[in-house]
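Student: Just one file: final-v5.txt, with compact mmCIF, C-alpha atoms.
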```txt
# COMPACT_ATOMS: atom_id res chain seq x y z
CA MET A 21 107.55 84.00 112.77
CA GLU A 22 105.40 82.04 115.19
CA PRO A 23 104.78 83.07 118.80
CA GLY A 24 107.08 81.42 121.28
CA VAL A 25 109.80 80.64 118.74
CA MET A 26 111.89 83.71 119.51
CA GLN A 27 111.69 87.15 121.04
CA TRP A 28 109.63 89.73 119.22
CA ASP A 29 111.51 92.70 117.83
CA ALA A 30 110.77 96.27 118.87
CA ASP A 31 108.50 97.01 115.89
CA GLN A 32 106.39 93.93 116.62
CA VAL A 33 106.01 94.74 120.32
CA ARG A 34 104.99 98.32 119.54
CA THR A 35 102.54 97.22 116.85
CA ALA A 36 100.85 94.62 119.06
CA ALA A 37 100.23 97.37 121.63
CA ARG A 38 98.79 99.69 118.97
CA LEU A 39 96.41 96.98 117.76
CA ARG A 40 95.14 96.36 121.29
CA GLU A 41 94.13 100.02 121.45
CA LEU A 42 91.43 99.26 118.86
CA LEU A 43 89.52 97.17 121.42
CA ASP A 44 87.65 98.02 124.60
CA ARG A 45 88.10 96.14 127.88
CA ARG A 46 85.78 93.38 126.71
CA GLY A 47 87.83 92.82 123.56
CA THR A 48 85.21 94.40 121.29
CA PRO A 49 86.19 96.80 118.47
CA ILE A 50 85.74 100.47 119.28
CA ARG A 51 83.68 101.63 116.33
CA ARG A 52 84.82 105.25 116.27
CA HIS A 53 88.52 104.39 116.47
CA ARG A 54 90.88 105.14 113.59
CA GLY A 55 92.07 102.12 111.66
CA ILE A 56 95.66 100.93 111.42
CA TYR A 57 97.74 100.52 108.26
CA LEU A 58 100.70 98.18 108.87
CA HIS A 59 103.49 98.25 106.31
CA GLY A 60 106.99 96.87 105.94
CA ARG A 61 109.15 94.50 103.96
CA PRO A 62 108.10 90.84 103.59
CA GLY A 63 108.62 88.44 106.49
CA ARG A 64 108.63 91.04 109.27
CA GLY A 65 105.61 89.62 111.12
CA LYS A 66 102.75 91.81 109.89
CA THR A 67 100.40 88.93 109.10
CA MET A 68 101.29 87.10 112.31
CA LEU A 69 100.47 90.21 114.37
CA MET A 70 97.20 90.81 112.57
CA ASN A 71 96.14 87.17 112.88
CA ARG A 72 96.87 87.09 116.62
CA PHE A 73 94.94 90.32 117.09
CA PHE A 74 92.01 89.01 115.04
CA ALA A 75 91.87 85.73 116.97
CA GLU A 76 91.69 87.55 120.31
CA ILE A 77 88.72 89.77 119.37
CA ALA A 78 85.73 88.79 121.54
CA SER A 79 83.11 89.46 118.87
CA GLU A 80 81.66 87.69 115.86
CA ARG A 81 81.29 91.00 114.04
CA LYS A 82 84.70 90.74 112.45
CA ARG A 83 86.03 89.61 109.06
CA ARG A 84 89.53 88.73 107.89
CA TYR A 85 90.50 88.35 104.23
CA HIS A 86 93.60 88.02 102.13
CA PHE A 87 93.20 90.88 99.67
CA HIS A 88 93.38 88.64 96.57
CA GLN A 89 90.61 86.47 98.00
CA PHE A 90 88.41 89.39 98.95
CA PHE A 91 88.91 91.26 95.71
CA ALA A 92 87.93 88.22 93.64
CA ARG A 93 84.72 87.90 95.65
CA LEU A 94 84.06 91.65 95.48
CA HIS A 95 84.36 91.66 91.68
CA ALA A 96 81.90 88.76 91.41
CA ALA A 97 79.41 90.24 93.88
CA ALA A 98 79.57 93.71 92.33
CA HIS A 99 79.05 92.26 88.85
CA GLU A 100 76.05 90.27 90.03
CA SER A 101 74.39 93.07 92.02
CA GLY A 102 75.55 96.07 89.99
CA SER A 103 76.39 97.91 93.21
CA ILE A 104 79.50 98.19 95.37
CA ASP A 105 77.34 98.90 98.43
CA ALA A 106 75.29 95.75 97.86
CA ALA A 107 78.46 93.73 97.29
CA VAL A 108 79.96 95.02 100.55
CA ASP A 109 76.72 94.18 102.35
CA GLU A 110 76.88 90.64 101.02
CA LEU A 111 80.53 90.06 101.90
CA LEU A 112 80.91 91.96 105.17
CA GLY A 113 77.41 92.09 106.65
CA ASP A 114 77.34 93.87 110.00
CA ALA A 115 81.07 93.59 110.70
CA LEU A 116 82.56 96.22 113.00
CA LEU A 117 86.15 95.34 112.11
CA ILE A 118 87.71 94.32 108.80
CA CYS A 119 91.25 92.95 108.38
CA PHE A 120 92.88 92.86 104.94
CA ASP A 121 96.19 91.02 104.53
CA GLU A 122 98.58 92.05 101.73
CA PHE A 123 96.73 95.20 100.66
CA HIS A 124 98.19 96.51 97.41
CA VAL A 125 97.24 98.48 94.30
CA HIS A 126 99.02 97.92 90.99
CA ASP A 127 96.31 98.25 88.33
CA ILE A 128 94.40 101.47 87.58
CA GLY A 129 91.14 99.58 86.99
CA ASP A 130 91.43 97.86 90.35
CA ALA A 131 92.47 101.17 91.92
CA MET A 132 89.15 102.80 91.09
CA LEU A 133 87.21 99.89 92.61
CA ILE A 134 89.44 99.92 95.71
CA ALA A 135 88.90 103.67 96.10
CA ARG A 136 85.12 103.12 96.04
CA LEU A 137 85.44 100.25 98.51
CA LEU A 138 87.40 102.44 100.93
CA ASP A 139 84.76 105.17 100.65
CA VAL A 140 82.04 102.68 101.58
CA LEU A 141 83.99 101.28 104.56
CA PHE A 142 84.96 104.70 105.90
CA ALA A 143 81.38 105.97 105.52
CA ARG A 144 80.17 103.05 107.65
CA ARG A 145 82.81 103.80 110.29
CA VAL A 146 84.11 100.25 110.09
CA VAL A 147 87.42 99.79 111.90
CA LEU A 148 89.93 98.80 109.23
CA VAL A 149 93.28 97.02 109.73
CA VAL A 150 95.46 96.26 106.73
CA THR A 151 98.92 94.86 106.13
CA SER A 152 100.96 95.90 103.12
CA ASN A 153 104.48 95.85 101.74
CA TYR A 154 103.90 99.45 100.67
CA PRO A 155 103.45 102.63 102.70
CA PRO A 156 100.33 104.47 101.52
CA HIS A 157 102.19 106.98 99.35
CA GLU A 158 103.71 104.11 97.30
CA LEU A 159 100.39 102.48 96.39
CA LEU A 160 99.77 102.33 92.62
CA PRO A 161 103.42 103.23 91.95
CA ASN A 162 102.99 103.46 88.16
CA PRO A 163 103.75 107.16 87.47
CA LEU A 164 101.21 107.19 84.62
CA PHE A 165 98.33 106.57 87.05
CA HIS A 166 99.56 107.32 90.56
CA ASP A 167 98.04 110.83 90.68
CA ARG A 168 94.58 109.40 90.08
CA PHE A 169 94.87 107.36 93.29
CA VAL A 170 96.22 110.20 95.43
CA PRO A 171 92.73 111.20 96.73
CA ALA A 172 92.23 107.64 98.01
CA ILE A 173 95.67 107.72 99.65
CA GLU A 174 94.73 110.98 101.35
CA ARG A 175 91.56 109.37 102.71
CA ILE A 176 93.63 106.45 104.04
CA LEU A 177 95.92 108.88 105.85
CA ALA A 178 92.93 110.80 107.23
CA ARG A 179 91.21 107.69 108.61
CA MET A 180 94.07 105.35 109.54
CA ASP A 181 97.26 105.44 111.59
CA VAL A 182 100.27 104.31 109.57
CA VAL A 183 102.55 101.95 111.53
CA SER A 184 105.85 100.57 110.27
CA VAL A 185 106.61 96.89 110.96
CA ASP A 186 110.01 96.69 109.34
CA GLY A 187 112.50 95.10 111.72
CA PRO A 188 115.92 93.88 110.58
CA ILE A 189 114.99 90.18 110.19
CA ASP A 190 113.02 88.35 107.50
CA TYR A 191 111.69 85.59 109.76
CA ARG A 192 110.62 83.42 106.84
CA ALA A 193 114.19 83.33 105.59
CA LEU A 194 115.24 81.84 108.95
CA ASN A 195 113.13 78.78 108.02
CA SER A 196 112.68 78.07 111.73
CA ARG A 197 109.63 75.76 111.61
CA LYS A 198 111.34 72.58 110.43
CA ASP A 199 109.83 70.43 113.21
CA CYS A 200 106.22 71.56 112.79
CA ARG A 201 105.65 71.83 109.06
CA THR A 202 102.07 71.80 107.83
CA GLY A 203 100.26 73.41 104.92
CA PHE A 204 102.37 75.73 102.78
CA ALA A 205 105.50 75.26 104.88
CA ALA A 206 105.32 71.48 104.40
CA GLY A 207 106.13 71.97 100.73
CA ARG A 208 109.47 71.64 98.94
CA TYR A 209 111.61 73.73 96.63
CA ILE A 210 113.43 71.40 94.23
CA VAL A 211 116.17 72.08 91.70
CA PRO A 212 116.33 68.92 89.58
CA PRO A 213 119.58 67.77 87.96
CA GLU A 214 120.19 68.61 84.34
CA ARG A 215 119.72 64.93 83.36
CA ARG A 216 117.13 62.83 85.13
CA THR A 217 116.86 59.08 85.02
CA SER A 218 113.48 57.46 84.47
CA HIS A 219 113.43 56.75 88.21
CA ASP A 220 113.86 60.47 88.95
CA VAL A 221 111.01 61.39 86.63
CA GLU A 222 108.75 58.72 88.10
CA ALA A 223 109.37 60.08 91.59
CA LEU A 224 108.01 63.48 90.56
CA SER A 225 104.96 62.14 88.74
CA ASP A 226 101.81 60.39 89.93
CA GLY A 227 101.24 58.81 86.51
CA SER A 228 97.82 60.39 85.94
CA GLY A 229 98.65 61.78 82.51
CA ASN A 230 97.60 65.14 81.11
CA VAL A 231 94.25 66.56 82.16
CA GLU A 232 92.28 69.68 81.44
CA ILE A 233 90.93 71.98 84.13
CA PHE A 234 88.05 74.31 83.36
CA ILE A 235 87.72 77.63 85.21
CA GLY A 236 84.80 79.52 83.79
CA ALA A 237 85.71 80.19 80.16
CA ARG A 238 89.38 79.28 80.73
CA THR A 239 90.97 75.90 80.21
CA LEU A 240 94.25 74.95 81.88
CA ARG A 241 96.38 71.99 80.88
CA ALA A 242 97.75 70.11 83.87
CA ILE A 243 99.90 67.04 84.30
CA ALA A 244 97.75 65.65 87.11
CA ALA A 245 94.76 66.92 89.02
CA ASP A 246 93.36 64.43 91.49
CA GLY A 247 94.26 65.21 95.09
CA THR A 248 97.26 67.24 93.92
CA LEU A 249 97.38 69.80 91.12
CA VAL A 250 100.59 69.19 89.15
CA ILE A 251 101.16 71.82 86.48
CA ASP A 252 103.98 73.39 84.50
CA PHE A 253 104.82 77.06 84.97
CA ALA A 254 104.09 77.75 81.29
CA ASP A 255 100.59 76.26 81.55
CA LEU A 256 99.76 78.17 84.74
CA CYS A 257 101.50 81.53 84.33
CA GLY A 258 102.18 81.65 80.59
CA VAL A 259 98.48 82.08 79.86
CA PRO A 260 96.19 84.96 80.94
CA THR A 261 95.09 83.61 84.31
CA SER A 262 94.14 85.86 87.22
CA ALA A 263 94.32 85.91 91.00
CA ALA A 264 90.60 85.03 91.04
CA ASP A 265 91.41 81.83 89.11
CA TYR A 266 94.06 80.89 91.67
CA VAL A 267 91.61 81.45 94.53
CA VAL A 268 89.16 79.01 92.90
CA LEU A 269 91.91 76.45 92.27
CA ALA A 270 93.22 76.75 95.84
CA GLN A 271 89.74 75.92 97.12
CA ARG A 272 89.71 72.79 94.95
CA PHE A 273 93.29 71.54 95.43
CA GLN A 274 95.02 71.55 98.81
CA ARG A 275 98.33 70.30 97.41
CA TRP A 276 100.18 71.81 94.44
CA GLU A 277 103.29 71.10 92.43
CA ILE A 278 104.46 73.79 90.01
CA ARG A 279 107.15 72.46 87.68
CA ASP A 280 109.71 73.85 85.28
CA ILE A 281 109.84 77.37 86.68
CA PRO A 282 112.52 79.15 84.62
CA LEU A 283 114.76 81.99 85.72
CA LEU A 284 112.25 84.78 86.17
CA GLU A 285 114.43 87.37 84.46
CA GLU A 286 113.97 85.32 81.27
CA VAL A 287 110.15 85.47 81.22
CA PRO A 288 107.86 88.45 80.52
CA PRO A 289 107.05 90.48 83.64
CA ASP A 290 103.35 89.58 83.46
CA GLN A 291 104.20 85.89 83.78
CA ALA A 292 106.48 86.53 86.77
CA MET A 293 103.72 88.66 88.33
CA ARG A 294 101.26 85.79 87.93
CA LEU A 295 103.66 83.56 89.86
CA VAL A 296 103.78 86.19 92.63
CA ASN A 297 99.99 86.12 92.77
CA VAL A 298 99.86 82.31 92.78
CA ILE A 299 102.25 82.14 95.73
CA ASP A 300 100.27 84.83 97.57
CA VAL A 301 97.04 82.86 97.21
CA LEU A 302 98.57 79.49 98.12
CA TYR A 303 100.35 80.94 101.12
CA ASP A 304 97.18 82.51 102.49
CA ALA A 305 95.16 79.34 101.80
CA ASP A 306 97.96 77.30 103.46
CA CYS A 307 98.10 74.89 100.54
CA GLU A 308 101.05 72.52 100.49
CA LEU A 309 103.32 73.55 97.62
CA THR A 310 106.19 71.83 95.83
CA VAL A 311 108.21 74.01 93.48
CA VAL A 312 110.44 72.50 90.80
CA ALA A 313 112.64 75.31 89.49
CA ALA A 314 115.55 75.83 87.15
CA ALA A 315 117.83 77.22 89.85
CA ALA A 316 118.19 77.88 93.54
CA LEU A 317 115.84 80.53 94.90
CA HIS A 318 118.34 83.40 95.00
CA GLU A 319 119.23 82.72 91.35
CA LEU A 320 115.60 82.28 90.32
CA VAL A 321 114.70 85.87 91.30
CA GLN A 322 118.02 87.53 90.50
CA ASP A 323 117.94 90.61 88.22
CA VAL A 324 114.15 90.61 87.96
CA HIS A 325 112.88 94.10 87.19
CA GLY A 326 109.43 95.60 86.75
CA VAL A 327 107.69 92.97 88.89
CA PRO A 328 106.08 94.37 92.05
CA ASP A 329 106.28 92.21 95.18
CA ILE A 330 109.03 89.89 93.93
CA SER A 331 110.63 90.23 97.37
CA ARG A 332 107.45 88.87 98.98
CA LEU A 333 107.55 85.82 96.70
CA THR A 334 111.19 85.24 97.69
CA SER A 335 110.42 85.54 101.39
CA ARG A 336 107.52 83.11 101.22
CA LEU A 337 109.38 80.50 99.21
CA CYS A 338 112.06 80.55 101.89
CA GLU A 339 109.61 78.62 104.07
CA LEU A 340 109.75 75.62 101.74
CA SER A 341 112.27 72.87 102.41
CA GLN A 342 115.12 73.66 100.03
CA ARG A 343 116.38 70.60 98.16
CA ALA A 344 119.75 70.77 96.45
CA PRO A 345 120.18 69.29 92.97
CA ALA A 346 120.67 65.54 92.94
CA VAL A 347 123.63 64.04 91.18
CA ALA A 348 122.63 62.71 87.76
CA ARG A 349 123.37 59.07 87.21
```
Please re-express this file's structure in structure tokens.
Tutor:
Amino acid sequence: MEPGVMQWDADQVRTAARLRELLDRRGTPIRRHRGIYLHGRPGRGKTMLMNRFFAEIASERKRRYHFHQFFARLHAAAHESGSIDAAVDELLGDALLICFDEFHVHDIGDAMLIARLLDVLFARRVVLVVTSNYPPHELLPNPLFHDRFVPAIERILARMDVVSVDGPIDYRALNSRKDCRTGFAAGRYIVPPERRTSHDVEALSDGSGNVEIFIGARTLRAIAADGTLVIDFADLCGVPTSAADYVVLAQRFQRWEIRDIPLLEEVPPDQAMRLVNVIDVLYDADCELTVVAAAALHELVQDVHGVPDISRLTSRLCELSQRAPAVAR
């Protein structure tokens, strides 16, 4: 939801007021203030509220990251320096306030690094604001590992106020920005007909032929990769790529087309989870995205189990212009 489009709901009004309490009269973060942990279902306005708050802060000692983006950089910096403290120094400098969008914990290895990161931030008395689809007690939901993250959850609760932003409306599903589409929202969601003519195929292709993309030690096969990255789902998500790879690719390509996305219930959960991560990264980077899928969005995600954050993927893809199947000729 964008400001001025419609009235804010009660959760959004209350949350905006709570965020303003983190600042003094000059708009500077109050260093000894508790942080705020915003949580709720996708599309309820958490990111919009945090971004508005961040933009209004009258200080340069602030940082805002999507969590995938930050975590990729943290891994690289920690590996290079051998120290979490040094990595935090490099990435955050003298910041008084840190904003993390889409904070989540699904992997036990990541959980231990996140726990250490939180310890460093809390020790420095940095004011922390995060958005998440999960309340703190649901972080790292895997029952095999959840208990190991409980101490970190307890530190979150001790240092941050937990605020629900979970109104009745998914504003992305309203698709209300049709007249001002840019970036991610300028993209399309296409369900092609079962039989395409050569003209149909030509319309979806720039004629560049297959290319290879190198990301560190990984090689991806793409259909085209000039100004627009055109790639099949199997070549992007059917191989062991990571959120860090998608961050690098999003910096290189501002326009994407992901083709031949099958019904997600028919693919292994790790492949569906990679698609969730891709959409997260592209949404935050505001890359223009065209999706070519086997079915309409509600069918694409139907009966998908064991994939965290599938509802966030659904909400974000609602912002794309939905194109019905064409009639085959």
Student: Tell me, in Å to one decimal, how far atom CA of A:Arg241 is from atom CA of A:Asp255.
Tutor: 6.0 Å
Student: Find the residues around A:Leu194 up to 10 Å (only C-alpha atoms counted), leave out those fewer than 5 positions away in its own chain, and share them as a list in words.
Tutor: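 Residues meeting the cut-off are Met21, Gly63, Ile189, Ser335, Cys338 and Glu339 of chain A.
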Student: Would you mind reading off the distance between atom CA of A:Arg175 and atom CA of A:Met132, one decimal, in Å?
Tutor: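 So the answer is 13.6 Å.
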Student: Measuring atom to atom with all atoms listed in the file, identify which of A:Ala205, A:Ala245, A:Leu94, A:Ala292 is nearest to A:Thr310.
Tutor: A:Ala205
Student: Just the residues within 8 Å of A:Val296, please, counting all atoms listed in the file, with nothing from its chain fewer than 6 positions along; format it as a list in words.
Tutor: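 Returned residues: Asp329, Ile330, Arg332 and Leu333 of chain A.
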Student: List the spatial neighbours of stretch 116-127 of chain A as a list in words - criterion: any atom at most 6 Å away, only C-alpha atoms, same-chain residues fewer than 2 positions off excluded.
Tutor: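 The filter keeps Arg81, Lys82, Arg83, Arg84, Tyr85, His86, Phe87, Gly129, Asp130, Ala131, Val146, Val147, Leu148, Val149, Val150, Thr151, Ser152, Leu159 and Leu160 of chain A.
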Student: Using only C-alpha atoms, which residues sit within 12 Å of A:Ala97 once same-chain residues fewer than 5 positions away are excluded, as a PyMOL selection string?
Tutor: chain A and resi 90-92+102-112
Student: Those selected residues, please, written with C-alpha atoms and delivered as a CSV table (one decimal), in the coordinates of the input.
Tutor:
```csv
chain,number,residue,atom,x,y,z
A,90,PHE,CA,88.4,89.4,99.0
A,91,PHE,CA,88.9,91.3,95.7
A,92,ALA,CA,87.9,88.2,93.6
A,102,GLY,CA,75.6,96.1,90.0
A,103,SER,CA,76.4,97.9,93.2
A,104,ILE,CA,79.5,98.2,95.4
A,105,ASP,CA,77.3,98.9,98.4
A,106,ALA,CA,75.3,95.8,97.9
A,107,ALA,CA,78.5,93.7,97.3
A,108,VAL,CA,80.0,95.0,100.6
A,109,ASP,CA,76.7,94.2,102.4
A,110,GLU,CA,76.9,90.6,101.0
A,111,LEU,CA,80.5,90.1,101.9
A,112,LEU,CA,80.9,92.0,105.2
```
Student: Quick one: distance from atom CA of A:His88 to atom CA of A:Ala75 in Å, one decimal?
Tutor: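 Answer for the atom CA of A:His88 to atom CA of A:Ala75 separation: 20.7 Å.
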Student: Using all atoms listed in the file, can you tell me which of A:Ile173, A:Cys257, A:Met180, A:Ile281 comes closest to A:Pro161?
Tutor: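 Answer, going by the shortest atom-to-atom distance: A:Ile173.
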Student: List every protein, DNA or RNA residue with an atom no more than 12 Å from (93.1, 110.5, 105.3) in the file's coordinates, counting all atoms listed in the file, and format the result as a PDB file with C-alpha atoms, keeping the file's coordinate frame.
Tutor:
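Final file, point.pdb:
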```
ATOM      1  CA  ARG A  54      90.880 105.140 113.590  1.00  0.00           C
ATOM      2  CA  GLY A  55      92.070 102.120 111.660  1.00  0.00           C
ATOM      3  CA  ILE A  56      95.660 100.930 111.420  1.00  0.00           C
ATOM      4  CA  TYR A  57      97.740 100.520 108.260  1.00  0.00           C
ATOM      5  CA  LEU A 138      87.400 102.440 100.930  1.00  0.00           C
ATOM      6  CA  ASP A 139      84.760 105.170 100.650  1.00  0.00           C
ATOM      7  CA  PHE A 142      84.960 104.700 105.900  1.00  0.00           C
ATOM      8  CA  PRO A 156     100.330 104.470 101.520  1.00  0.00           C
ATOM      9  CA  HIS A 157     102.190 106.980  99.350  1.00  0.00           C
ATOM     10  CA  VAL A 170      96.220 110.200  95.430  1.00  0.00           C
ATOM     11  CA  PRO A 171      92.730 111.200  96.730  1.00  0.00           C
ATOM     12  CA  ALA A 172      92.230 107.640  98.010  1.00  0.00           C
ATOM     13  CA  ILE A 173      95.670 107.720  99.650  1.00  0.00           C
ATOM     14  CA  GLU A 174      94.730 110.980 101.350  1.00  0.00           C
ATOM     15  CA  ARG A 175      91.560 109.370 102.710  1.00  0.00           C
ATOM     16  CA  ILE A 176      93.630 106.450 104.040  1.00  0.00           C
ATOM     17  CA  LEU A 177      95.920 108.880 105.850  1.00  0.00           C
ATOM     18  CA  ALA A 178      92.930 110.800 107.230  1.00  0.00           C
ATOM     19  CA  ARG A 179      91.210 107.690 108.610  1.00  0.00           C
ATOM     20  CA  MET A 180      94.070 105.350 109.540  1.00  0.00           C
ATOM     21  CA  ASP A 181      97.260 105.440 111.590  1.00  0.00           C
ATOM     22  CA  VAL A 182     100.270 104.310 109.570  1.00  0.00           C
TER      23      VAL A 182
END
```
Student: Calculated over all atoms listed in the file, which of the candidates A:Val327, A:Ala115, A:Ile134, A:Ala98 has the smallest distance to A:Glu80?
Tutor: A:Ala115
Student: When distances are computed from all atoms listed in the file, which of A:Ala264, A:Met293, A:Val298, A:Leu269 shows the smallest separation from A:Leu240?
Tutor: A:Leu269
Student: Looking at all atoms listed in the file, which of A:Met70, A:Ala254, A:Ala314, A:Ala263 is the one that sits closest to A:Gln291?
Tutor: A:Ala254
Student: With distances taken over all atoms listed in the file, which of A:Leu256, A:Val183, A:Val301, A:Ala315 is nearest to A:Asn153?
Tutor: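 Comparing A:Leu256, A:Val183, A:Val301, A:Ala315 against A:Asn153, the winner is A:Val183.
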